[in-house]
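Here is the structure we will look at.
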Amino acid sequence: MAQLDGKVAFITGASSGIGAAMAREFARRGADTVLLARRRERLEALALEVRARGRKALTIRCDVTVDGELEAAAAQVLAELGRIDYVIANAGFGVAGAVHKLSIDDFRRQLETNVFGVLRTVHATRDALIAGHGSLAIMGSVMSYLSLPLGAPYAMSKHAVRALAYALRAELGRHG
């Protein structure tokens, strides 16, 4: 990554793990960050770290499984920061268990977050990304290539996310 002064990174699932690490790295390189997740207290703690680096950190409590929340978040970011340069579709989790012991709702929860959450993120931010020739990163997993015992729901979700990413690269790549 080059120095990112004046750029804005929009990160879902920023309250822990890879999302929090990405926020720290974007801030280290000079970008302002938009931290989105369900756990506001964790977002606020991370925002203090980002601000200590002299960068802006906007925290937005957002659930990627709820229609409209990402659109509202993107609108807030554009109103307050004026741009979205990088979108990191990172929010996700894993359901584990034997297929015959899991319910249909277990699979539905998995796909709602890991697949439709990414799709909602793309829909909410695509116009801003196209306008600014921004970049979209979708967090995948080696499980998008493998299906192991007790991991079918997660692997299914990551297979779908990989397929979406390939389609988006072809469809949106010419826009930056």
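Simple scheme: letters A, B, ... for chains in structure tokens order, numbers from 1 for residues in each chain, numbers from 1 for ligands in the order shown.
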
Query - Distance query Phe10 (chain A) at most 8 Å, only C-alpha atoms, self and fewer than 5 positions along chain excluded, as a list in words - result: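 After dropping sequence-adjacent residues, the list is Thr33, Val34, Leu35, Leu36, Ile84, Asp85, Tyr86, Val87 and Ile88 of chain A.
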
Requested in this report: With a distance cut-off of 9 Å and only C-alpha atoms, select the neighbouring residues of Glu112 (chain A), excluding the residue or stretch itself and same-chain residues fewer than 4 positions from it, and output the selection as an NGL selection string.
Outcome: :A and (64-65 or 107-108 or 116-117 or 157)

Report task. Once DSSP has gone over the backbone, tell me which residues of chain A are in strand (DSSP E or B), as a PyMOL selection string. Result -> chain A and resi 8-12+32-37+57-61+86-89+135-138

Report task. For region 125-138 of chain A, list every protein, DNA or RNA residue within 10 Å, evaluated using only C-alpha atoms, and leave out those in the same chain fewer than 6 positions away; present the list as a PyMOL selection string. Result -> chain A and resi 7-11+70-71+73-75+78+82-91+118-119+161-162+164-165+168-169+172-176

Report task. State, in Å with one decimal place, the distance from CA of Glu44 (chain A) to CA of Arg28 (chain A). Result ->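 CA of Glu44 (chain A) sits 17.4 Å away from CA of Arg28 (chain A).
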
Query raised in the report: From the set A:Ala14, A:Ala79, A:Ala72, A:Ala155, which residue has the shortest atom-to-atom contact distance to Glu41 (chain A), counting only C-alpha atoms?
Result: A:Ala14

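Near Ala98 (chain A), within 10 Å and counting only C-alpha atoms, sit A:Pro149, A:Leu150, A:Gly151, A:Ala152, A:Pro153, not including residues fewer than 6 positions from it in the same chain.
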
Take the residues from that selection and put them in a file with all heavy atoms, as an mmCIF file, in the first residue's frame.
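result_16.cif written:
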```cif
data_model
loop_
_atom_site.group_PDB
_atom_site.id
_atom_site.type_symbol
_atom_site.label_atom_id
_atom_site.label_comp_id
_atom_site.auth_asym_id
_atom_site.auth_seq_id
_atom_site.Cartn_x
_atom_site.Cartn_y
_atom_site.Cartn_z
ATOM 1 N N PRO A 149 -15.205 -31.824 6.566
ATOM 2 C CA PRO A 149 -16.238 -32.249 7.509
ATOM 3 C C PRO A 149 -16.445 -31.188 8.591
ATOM 4 O O PRO A 149 -15.489 -30.566 9.054
ATOM 5 C CB PRO A 149 -15.664 -33.535 8.109
ATOM 6 C CG PRO A 149 -14.704 -34.037 7.075
ATOM 7 C CD PRO A 149 -14.128 -32.817 6.423
ATOM 8 N N LEU A 150 -17.673 -30.973 8.935
ATOM 9 C CA LEU A 150 -18.126 -30.040 9.967
ATOM 10 C C LEU A 150 -18.009 -28.576 9.547
ATOM 11 O O LEU A 150 -18.280 -27.684 10.334
ATOM 12 C CB LEU A 150 -17.384 -30.262 11.291
ATOM 13 C CG LEU A 150 -17.374 -31.701 11.828
ATOM 14 C CD1 LEU A 150 -16.608 -31.758 13.138
ATOM 15 C CD2 LEU A 150 -18.785 -32.221 11.997
ATOM 16 N N GLY A 151 -17.643 -28.332 8.309
ATOM 17 C CA GLY A 151 -17.469 -26.961 7.859
ATOM 18 C C GLY A 151 -18.297 -26.578 6.650
ATOM 19 O O GLY A 151 -18.008 -25.574 5.995
ATOM 20 N N ALA A 152 -19.329 -27.332 6.342
ATOM 21 C CA ALA A 152 -20.109 -27.077 5.125
ATOM 22 C C ALA A 152 -20.723 -25.676 5.077
ATOM 23 O O ALA A 152 -20.608 -25.011 4.039
ATOM 24 C CB ALA A 152 -21.190 -28.135 4.945
ATOM 25 N N PRO A 153 -21.358 -25.177 6.135
ATOM 26 C CA PRO A 153 -21.976 -23.851 6.005
ATOM 27 C C PRO A 153 -20.958 -22.753 5.673
ATOM 28 O O PRO A 153 -21.184 -21.941 4.782
ATOM 29 C CB PRO A 153 -22.617 -23.607 7.378
ATOM 30 C CG PRO A 153 -22.794 -24.958 7.960
ATOM 31 C CD PRO A 153 -21.653 -25.785 7.437
#
```

Query raised in the report: Which residues come within 7 Å of Arg29 (chain A), counting only C-alpha atoms, excluding same-chain residues fewer than 4 positions away, as a PyMOL selection string?
Result: chain A and resi 3-4+25
